[in-house]
Amino acid sequence: MESSLVARDKVGVQDFVLLENFRSEDAFINNLCKRFNMEIIYTYIGSVVVSVNPYKPLGIYTQEAMEEYRGVNLYEMPPHIFAIADAAYQSMKNEGVNQCVLISGESGAGKTEASKHILQYLAQCSEHAGRVDVVKDRLILSNPVLEAFGNARTNKNDNSSRFGKYMDIEFDFKGTPVGGHIHNYLLEKSRVVHQTEGERNFHIFYQLLGSRNTPLLQSLELSGSPDHYFYLSQGCCMRVEGMDDKDNFQTVYKAIQVLGFTSAEMQSLWRILAAILHLGNTAYQDNKHGLVEFKNDSSLSTVVKLLLCPEDKLRIALTHRSIEARNERVMTPLNAEQACYARDALAKAIYERLFEWLVRRLNASLEKTGRATHHYIGLLDIYGFEIVVCNSFEQFCINFCNEKLQQLFIELTLKSEQEEYMNEGIEWEPVEYFNNKVICDLVEERHKGILAVLDEECLRPGDVSDSTFLAKLMKTVPKHKHLVVHETSGYEDRKTIGRNQFRLLHYAGEVTYNIEGFVDKNNDLLYRSLKEVVSLSSDIILTEVFPESELFSMKRPPTAGTQFRTSLNQLMEILKTKEPSYIRCIKPNDSKRPNLFDNRTVLHQVKYLGLMENLRVRRAGFCYRRTFTAFLQRYKSLCHSTWPSWKGDLRGGVTTLCKHLKLTGEEYKIGKTKLFIRFPRTLFNIEDKFQNKKNDLATLISAQWRMYHFRTMYKKMKLSAIVIQAHWRRVKAQRYVIKYRAAAMTIRRFITGFINRHKPKCAQNLIFLEFVRVNYLNRLSRALPGYLVALDEHWLRPPVSLMDASSHLKVMYRRLLASKLIKSLTPDTKSLYTLKIAASDLFKGHKASYPSSVPLKYNTSYLSHQDITIKEQLFDAKYLDCGGHKFSLHCTKYDRHGYKARQRIIVITEKGCYLLEPGSFKVKESFNFRDITGIFVSSLSDGVVVIKLQPDTQNRGDLILETLYAIELVIKLGFYANKLEHISIVTTGSITHDKGKGKMGLITFEEGPDTLTSRGKTGNLEVVRTPTLCLYNALTCHTPARYRWKSVAYSL
């Protein structure tokens, strides 16, 4: 703490007990604001940490930060949550005292994040090894699972805990975590079926729908939109800014796997969640007889399929209620409102029991191994004080829990403070504070408390309602200064409180509760018929959470309020057995915005958290306390009598030092083991003197150290020089002998190996052959050829003993060069080879002109630069919607009637094919890829291509084209049209084609001495080709001069 006092004016004091005007609320808030604006969110009140939620990441929870606070005294580093965690851990490890960290504050103050950071720190600061890391991973991964199933978005907090959690982390004597146990309290199950405006259901439902795991969602018959489900859409908030449901689901999914859940358990988990969503979509209506019935059966059938229970019994249970009277069971039909209530009660019960099963399953995963005695650190992360628009039974229980925690905080802090002063013999002046025990008694007192009145009203026979409960409450507690109802309130209060409301004056402020639903929620009853149906399910989780034995029990289960009060009292007893550390969380504003500090909002929280009272308790006696040893160790340099060390008793040394500093009797008191300083200014003056004294101390220590260091160094160097001289002479002579002896042996072995080099490997030639191998491999590594074509010619000739090895190396190196060559290919080159391979599969061995086309490179266009420019101006600009250009070339098109040859330019785009007139680039014909029914070529060396098209209204018939690049045209047309399977190679010598208007034509193919394509005497198109015509020769002989250069340039 003292090391950072120099910067106190810039960032405020880091411990409120050092605040000069400690009674002023304005000074308190100003100090918090000053530190918040400097992005310093932690401040001490003695050993209590005040944390202000920054609503943004600060980067202060890194691995390096954890190491800085590890094993460091609480006040030696700036305030941090890691300091509190380390202090609790070191106390537990060194002193064997069980610890607990209590995190409190209202919703949105950052309690959940604080508990995460403490858990991460405890996992990091302990030992790492084997089973230990498994336990750590499970402890940390239990957080996202519980958050997904127990947290939800509220109007005050995007990740609000809707249940209470207390986790005991178990350590062995070495401080290594060996297990853990989780206690859960009062899950807000009503959120499953209803959410207020702007709020969401529990995170897991949205994460499941947003997972985009199509197979899983299909198996659960779920769509990906929360809008489709009644239980998720009531709050009209489907997405939360900054929260990725897909990534969060993956985190939960992996965490469940690491925690040891079986595949069957995971499938059951997802099925139950989906069943709850489908159950919410079951709607009711009254039929003409006034009885309730389902609007549609699809949702109910899905629920039955997912819950694995009988459909007929579930249908009856959701529309009827069974009543037992005189050992007879009668089924009473429900109306629509009662049926909706039964449906929602079933959904809430299933989710609540699923959550309890999940906690038990996590505890089983975290269960320790062995029976050794261990110590614990408890971590309490429980819902904060809540005031919402309509406060109901859940808010009543939550705020009662915070009352109990506040009472525990007051009792433990005052008690420890008093004990310290009494033990040290220091006079103690009591500090006034508000004791909220009167509120706790109002809620939980036997026979008179609110919970007792509510239980009595729930258990009595007759007509019971929320109104009768309120009437009985007014009668039982007629006048109480912390309870206000409409009938007994004053004129002003009656304006703000309804007849169905009562108001409690909590320690954190006034809260008005609406009694609607208090009796039903406290009863927490589920119709027996619904329990029976779910107990018949074959699902592994539902079978466990709805046991058949529950149906035979005639004992009425305890009410929700009684269960919560009992578990809360048990929690208080657990906390009282441990040494507490406190983290008081504060939210700087109500809008969840970073860099915004609202003084009014913060002041309200400071008041009801009792921070000012806590500060006054710490300052009532003295603001600063240290043991004699710690105080002397730090400030002994300020007095000649205590420097450099005090020889007498510690109390006398502290007394001497205080007198030397001229401290008055009002400024300090000396206890039995500690020194107490009353005023912060006194401590600041001492610290300033110490900071100034550091310069003189540094100079003195530096001079003394340099003298000692160099004198010691000189003595060591002198002795070392003598020893080295003696040993070096001996070592030098020994090395000489060893060197020449080894050289002689090497030469002898080399000569012997050379003489026996042609013999099988033996002791005489082993070393020589090894030398030959190494020498050859070294020379080979420097002379490796860089190209495949030069591999055989330039491969280094191996010695006789390495012939086989050389052959294997050559094969391996050939593969390496081939692999490098393949990896160096560009995407365009690979695309080219794809087309080439497709052409090979189709035409190799089937068309005579294919071998001559192999050396030719495929191009995107065979047009001249002038033609390309004209095409872009006349065609591309006009047909913008035809798609991108893929291929174009000159070709000859034969009319369907008369087979007159016409020069055309064929252009293939992404969507279709166009025939253009050369020069004007006017579109003469066009067709879409979907119109192609077949592409036919002959097996000869001709370039005729017949494109069969679907008949259209114009009866154009099929296209007959001829080009020197027939193979390239066919393969690209089939590839871009995705109709490679429609390409056919005709070997019969003729191809029939459609002339249009129902007429058919014939094209004949034959080999002959001349190359000819013309109409024959029979009226058919006759194609004659020489059997040895080469495509390259055809290019050079029959291609016009202006195109011939392109063919030659692109040949390989």
# chains A, B, ... in the order shown; residues from 1 in each chain; ligands from 1

$ residues_around --residues "Leu530 in chain A" --least-positions-apart "3" --cutoff "8 Å" --atoms "only C-alpha atoms" --output "VMD selection string"
chain A and resid 314 317 to 318 346 526 to 527 533 to 534

$ write_last_selection --atoms "N, CA, C and O atoms" --output "CSV table (one decimal), in the first residue's frame"
chain,number,residue,atom,x,y,z
A,314,LEU,N,-50.2,-38.1,-21.9
A,314,LEU,CA,-49.8,-36.7,-21.8
A,314,LEU,C,-50.9,-35.8,-22.3
A,314,LEU,O,-51.1,-34.7,-21.7
A,317,ALA,N,-53.3,-35.6,-19.4
A,317,ALA,CA,-52.8,-34.9,-18.3
A,317,ALA,C,-52.7,-33.4,-18.5
A,317,ALA,O,-52.8,-32.6,-17.5
A,318,LEU,N,-52.6,-33.0,-19.8
A,318,LEU,CA,-52.5,-31.5,-20.0
A,318,LEU,C,-53.9,-30.9,-20.1
A,318,LEU,O,-54.0,-29.7,-20.2
A,346,LEU,N,-45.6,-27.7,-15.9
A,346,LEU,CA,-44.8,-28.8,-16.3
A,346,LEU,C,-43.5,-28.3,-16.9
A,346,LEU,O,-42.4,-28.9,-16.6
A,526,LEU,N,-47.2,-29.3,-8.8
A,526,LEU,CA,-47.3,-29.9,-10.1
A,526,LEU,C,-48.4,-31.0,-10.0
A,526,LEU,O,-48.4,-31.8,-9.1
A,527,TYR,N,-49.4,-30.9,-10.9
A,527,TYR,CA,-50.5,-31.9,-10.9
A,527,TYR,C,-49.9,-33.3,-10.9
A,527,TYR,O,-49.0,-33.6,-11.6
A,533,VAL,N,-47.1,-39.0,-15.8
A,533,VAL,CA,-46.8,-39.2,-17.2
A,533,VAL,C,-45.3,-39.1,-17.4
A,533,VAL,O,-44.7,-39.9,-18.1
A,534,VAL,N,-44.7,-38.0,-16.8
A,534,VAL,CA,-43.2,-37.8,-17.0
A,534,VAL,C,-42.4,-39.0,-16.4
A,534,VAL,O,-41.4,-39.4,-16.9

$ residues_around --residues "range 59-64 of chain A" --least-positions-apart "3" --cutoff "12 Å" --atoms "only C-alpha atoms" --output "PyMOL selection string"
chain A and resi 39-42+54+56+67-70+78-83+113-114+116-121+123-125

$ write_last_selection --atoms "N, CA, C and O atoms" --output "mmCIF file, in the first residue's frame"
data_model
loop_
_atom_site.group_PDB
_atom_site.id
_atom_site.type_symbol
_atom_site.label_atom_id
_atom_site.label_comp_id
_atom_site.auth_asym_id
_atom_site.auth_seq_id
_atom_site.Cartn_x
_atom_site.Cartn_y
_atom_site.Cartn_z
ATOM 1 N N GLU A 39 -9.309 4.342 -15.233
ATOM 2 C CA GLU A 39 -9.456 2.907 -15.500
ATOM 3 C C GLU A 39 -8.852 2.066 -14.387
ATOM 4 O O GLU A 39 -8.286 0.995 -14.618
ATOM 5 N N ILE A 40 -8.964 2.573 -13.150
ATOM 6 C CA ILE A 40 -8.577 1.809 -11.961
ATOM 7 C C ILE A 40 -9.868 1.482 -11.229
ATOM 8 O O ILE A 40 -10.485 2.354 -10.620
ATOM 9 N N ILE A 41 -10.296 0.244 -11.297
ATOM 10 C CA ILE A 41 -11.642 -0.109 -10.838
ATOM 11 C C ILE A 41 -11.643 -0.704 -9.435
ATOM 12 O O ILE A 41 -12.726 -0.935 -8.882
ATOM 13 N N TYR A 42 -10.470 -0.978 -8.856
ATOM 14 C CA TYR A 42 -10.431 -1.602 -7.541
ATOM 15 C C TYR A 42 -9.890 -0.628 -6.496
ATOM 16 O O TYR A 42 -8.901 0.078 -6.741
ATOM 17 N N PRO A 54 -16.440 -1.739 -15.172
ATOM 18 C CA PRO A 54 -16.049 -0.802 -16.243
ATOM 19 C C PRO A 54 -16.887 -0.954 -17.517
ATOM 20 O O PRO A 54 -16.820 -0.115 -18.394
ATOM 21 N N LYS A 56 -16.277 -2.742 -19.946
ATOM 22 C CA LYS A 56 -15.400 -2.903 -21.103
ATOM 23 C C LYS A 56 -14.169 -3.675 -20.644
ATOM 24 O O LYS A 56 -13.830 -3.668 -19.446
ATOM 25 N N GLU A 67 0.884 -13.599 -12.147
ATOM 26 C CA GLU A 67 2.199 -13.888 -11.571
ATOM 27 C C GLU A 67 2.678 -12.745 -10.686
ATOM 28 O O GLU A 67 3.371 -12.967 -9.692
ATOM 29 N N GLU A 68 2.327 -11.508 -11.031
ATOM 30 C CA GLU A 68 2.755 -10.368 -10.215
ATOM 31 C C GLU A 68 2.135 -10.410 -8.818
ATOM 32 O O GLU A 68 2.771 -10.030 -7.842
ATOM 33 N N TYR A 69 0.904 -10.870 -8.708
ATOM 34 C CA TYR A 69 0.209 -10.883 -7.422
ATOM 35 C C TYR A 69 0.399 -12.197 -6.669
ATOM 36 O O TYR A 69 -0.055 -12.320 -5.537
ATOM 37 N N ARG A 70 1.057 -13.139 -7.281
ATOM 38 C CA ARG A 70 1.207 -14.449 -6.654
ATOM 39 C C ARG A 70 2.188 -14.390 -5.494
ATOM 40 O O ARG A 70 3.349 -14.012 -5.656
ATOM 41 N N PRO A 78 -0.893 -2.668 -5.995
ATOM 42 C CA PRO A 78 -2.138 -1.908 -6.095
ATOM 43 C C PRO A 78 -3.351 -2.820 -5.902
ATOM 44 O O PRO A 78 -3.276 -4.029 -6.117
ATOM 45 N N PRO A 79 -4.482 -2.274 -5.482
ATOM 46 C CA PRO A 79 -5.673 -3.096 -5.246
ATOM 47 C C PRO A 79 -6.067 -3.877 -6.487
ATOM 48 O O PRO A 79 -6.051 -3.363 -7.598
ATOM 49 N N HIS A 80 -6.411 -5.114 -6.259
ATOM 50 C CA HIS A 80 -6.803 -5.981 -7.366
ATOM 51 C C HIS A 80 -7.569 -7.165 -6.794
ATOM 52 O O HIS A 80 -7.364 -7.565 -5.646
ATOM 53 N N ILE A 81 -8.437 -7.712 -7.609
ATOM 54 C CA ILE A 81 -9.184 -8.888 -7.168
ATOM 55 C C ILE A 81 -8.253 -10.082 -6.975
ATOM 56 O O ILE A 81 -8.500 -10.970 -6.154
ATOM 57 N N PHE A 82 -7.125 -10.084 -7.746
ATOM 58 C CA PHE A 82 -6.140 -11.154 -7.572
ATOM 59 C C PHE A 82 -5.485 -11.083 -6.203
ATOM 60 O O PHE A 82 -5.093 -12.114 -5.636
ATOM 61 N N ALA A 83 -5.332 -9.863 -5.662
ATOM 62 C CA ALA A 83 -4.709 -9.715 -4.345
ATOM 63 C C ALA A 83 -5.575 -10.356 -3.272
ATOM 64 O O ALA A 83 -5.068 -11.044 -2.368
ATOM 65 N N GLU A 113 -18.503 -11.893 -13.296
ATOM 66 C CA GLU A 113 -17.162 -11.758 -13.854
ATOM 67 C C GLU A 113 -16.109 -11.837 -12.751
ATOM 68 O O GLU A 113 -15.034 -12.419 -12.931
ATOM 69 N N ALA A 114 -16.399 -11.248 -11.599
ATOM 70 C CA ALA A 114 -15.448 -11.304 -10.490
ATOM 71 C C ALA A 114 -15.217 -12.739 -10.041
ATOM 72 O O ALA A 114 -14.073 -13.146 -9.781
ATOM 73 N N LYS A 116 -15.465 -15.387 -11.868
ATOM 74 C CA LYS A 116 -14.666 -16.054 -12.900
ATOM 75 C C LYS A 116 -13.182 -15.770 -12.711
ATOM 76 O O LYS A 116 -12.342 -16.677 -12.781
ATOM 77 N N HIS A 117 -12.848 -14.504 -12.485
ATOM 78 C CA HIS A 117 -11.435 -14.136 -12.350
ATOM 79 C C HIS A 117 -10.821 -14.769 -11.103
ATOM 80 O O HIS A 117 -9.644 -15.183 -11.133
ATOM 81 N N ILE A 118 -11.564 -14.849 -10.020
ATOM 82 C CA ILE A 118 -11.034 -15.489 -8.812
ATOM 83 C C ILE A 118 -10.782 -16.969 -9.075
ATOM 84 O O ILE A 118 -9.739 -17.523 -8.699
ATOM 85 N N LEU A 119 -11.717 -17.623 -9.742
ATOM 86 C CA LEU A 119 -11.560 -19.039 -10.041
ATOM 87 C C LEU A 119 -10.365 -19.275 -10.960
ATOM 88 O O LEU A 119 -9.578 -20.221 -10.764
ATOM 89 N N GLN A 120 -10.183 -18.412 -11.955
ATOM 90 C CA GLN A 120 -9.024 -18.539 -12.849
ATOM 91 C C GLN A 120 -7.721 -18.339 -12.085
ATOM 92 O O GLN A 120 -6.741 -19.044 -12.326
ATOM 93 N N TYR A 121 -7.724 -17.379 -11.152
ATOM 94 C CA TYR A 121 -6.495 -17.126 -10.390
ATOM 95 C C TYR A 121 -6.163 -18.321 -9.499
ATOM 96 O O TYR A 121 -4.992 -18.745 -9.424
ATOM 97 N N ALA A 123 -6.894 -21.374 -9.971
ATOM 98 C CA ALA A 123 -6.404 -22.466 -10.814
ATOM 99 C C ALA A 123 -4.976 -22.210 -11.283
ATOM 100 O O ALA A 123 -4.168 -23.128 -11.388
ATOM 101 N N GLN A 124 -4.641 -20.934 -11.541
ATOM 102 C CA GLN A 124 -3.309 -20.601 -12.055
ATOM 103 C C GLN A 124 -2.245 -20.651 -10.967
ATOM 104 O O GLN A 124 -1.124 -21.106 -11.196
ATOM 105 N N CYS A 125 -2.572 -20.184 -9.766
ATOM 106 C CA CYS A 125 -1.533 -20.049 -8.740
ATOM 107 C C CYS A 125 -1.181 -21.364 -8.073
ATOM 108 O O CYS A 125 -0.203 -21.439 -7.331
#

$ atom_distance --atom1 "CA of Ile837 in chain A" --atom2 "CA of Leu916 in chain A"
29.6 Å

$ closest_residue --among "A:Thr1018, A:Ser831, A:Ser107, A:Thr176" --to "Lys368 in chain A" --atoms "only C-alpha atoms"
A:Thr176

$ residues_around --residues "range 27-35 of chain A" --least-positions-apart "3" --cutoff "6 Å" --atoms "only C-alpha atoms" --output "list in words"
Val11, Gly12, Ser24, Met38 and Ile40 of chain A

$ write_last_selection --atoms "all heavy atoms" --output "compact mmCIF listing (two decimals), in the first residue's frame"
# COMPACT_ATOMS: atom_id res chain seq x y z
N VAL A 11 -4.46 9.59 -8.89
CA VAL A 11 -5.48 8.55 -9.07
C VAL A 11 -6.27 8.33 -7.80
O VAL A 11 -6.99 7.34 -7.68
CB VAL A 11 -4.83 7.23 -9.53
CG1 VAL A 11 -4.20 7.38 -10.88
CG2 VAL A 11 -3.80 6.74 -8.51
N GLY A 12 -6.19 9.22 -6.85
CA GLY A 12 -6.92 9.04 -5.60
C GLY A 12 -6.22 8.03 -4.71
O GLY A 12 -5.24 7.39 -5.10
N SER A 24 -17.16 12.17 4.63
CA SER A 24 -17.88 12.83 3.55
C SER A 24 -18.22 11.83 2.45
O SER A 24 -17.33 11.17 1.90
CB SER A 24 -17.03 13.98 2.97
OG SER A 24 -17.62 14.47 1.79
N MET A 38 -9.50 6.91 -14.46
CA MET A 38 -8.15 6.45 -14.82
C MET A 38 -8.12 4.95 -15.09
O MET A 38 -7.05 4.36 -15.16
CB MET A 38 -7.18 6.79 -13.68
CG MET A 38 -7.00 8.28 -13.43
SD MET A 38 -6.23 9.14 -14.82
CE MET A 38 -4.59 8.43 -14.78
N ILE A 40 -8.96 2.57 -13.15
CA ILE A 40 -8.58 1.81 -11.96
C ILE A 40 -9.87 1.48 -11.23
O ILE A 40 -10.48 2.35 -10.62
CB ILE A 40 -7.61 2.61 -11.05
CG1 ILE A 40 -6.37 3.03 -11.85
CG2 ILE A 40 -7.21 1.79 -9.83
CD1 ILE A 40 -5.44 3.93 -11.07

$ residues_around --residues "Lys694 in chain A" --least-positions-apart "6" --cutoff "12 Å" --atoms "only C-alpha atoms" --output "PyMOL selection string"
chain A and resi 634-638+687-688+700-702

$ residues_around --residues "range 907-909 of chain A" --least-positions-apart "6" --cutoff "10 Å" --atoms "only C-alpha atoms" --output "ChimeraX atom specification"
/A:860-861,871,875,882-890,915-916,923,926,928-929,969,972-973,976-977

$ closest_residue --among "A:Thr262, A:Ser537, A:Ser211, A:Gln407" --to "Gln250 in chain A" --atoms "only C-alpha atoms"
A:Ser211

$ atom_distance --atom1 "CA of Met243 in chain A" --atom2 "CA of Ile169 in chain A"
28.7 Å

$ select_by_dssp --residues "range 354-537 of chain A" --states "strand (DSSP E)" --output "list in words"
His375, Tyr376, Ile377, Gly378, Leu379, Leu380, Asp381, Leu483, Val484, Val485, Gln501, Phe502, Arg503, Leu504, Leu505, His506, Gly509, Glu510, Val511, Thr512, Tyr513 and Asn514 of chain A

$ closest_atom_pairs --of "range 388-450 of chain A" --to "range 481-500 of chain A" --cutoff "9 Å" --atoms "only C-alpha atoms" --output "Markdown table"
| residue | atom | partner | partner_atom | distance |
| --- | --- | --- | --- | --- |
| A:Val438 | CA | A:His482 | CA | 8.4 |
| A:Ile439 | CA | A:His482 | CA | 6.9 |
| A:Leu442 | CA | A:His482 | CA | 8.3 |

$ write_last_selection --atoms "C-alpha atoms" --output "PDB file, in the first residue's frame"
ATOM      1  CA  VAL A 438     -35.097  -6.338  12.160  1.00  0.00           C
ATOM      2  CA  ILE A 439     -35.829  -6.803   8.431  1.00  0.00           C
ATOM      3  CA  LEU A 442     -39.732  -9.572   9.672  1.00  0.00           C
TER       4      LEU A 442
END

$ select_by_dssp --residues "range 353-521 of chain A" --states "alpha helix (DSSP H)" --output "ChimeraX atom specification"
/A:353-366,393-424,437-444,450-459,466-476,491-494,518-521

$ residues_around --residues "Asp942 in chain A" --least-positions-apart "4" --cutoff "10 Å" --atoms "only C-alpha atoms" --output "ChimeraX atom specification"
/A:847-849,937-938,962-967,1005-1007,1011-1013,1023-1027,1029,1031

$ atom_distance --atom1 "CA of Val17 in chain A" --atom2 "CA of Ile45 in chain A"
6.0 Å

$ closest_residue --among "A:Leu208, A:Met238, A:Val389, A:Val330" --to "Lys156 in chain A" --atoms "only C-alpha atoms"
A:Val389
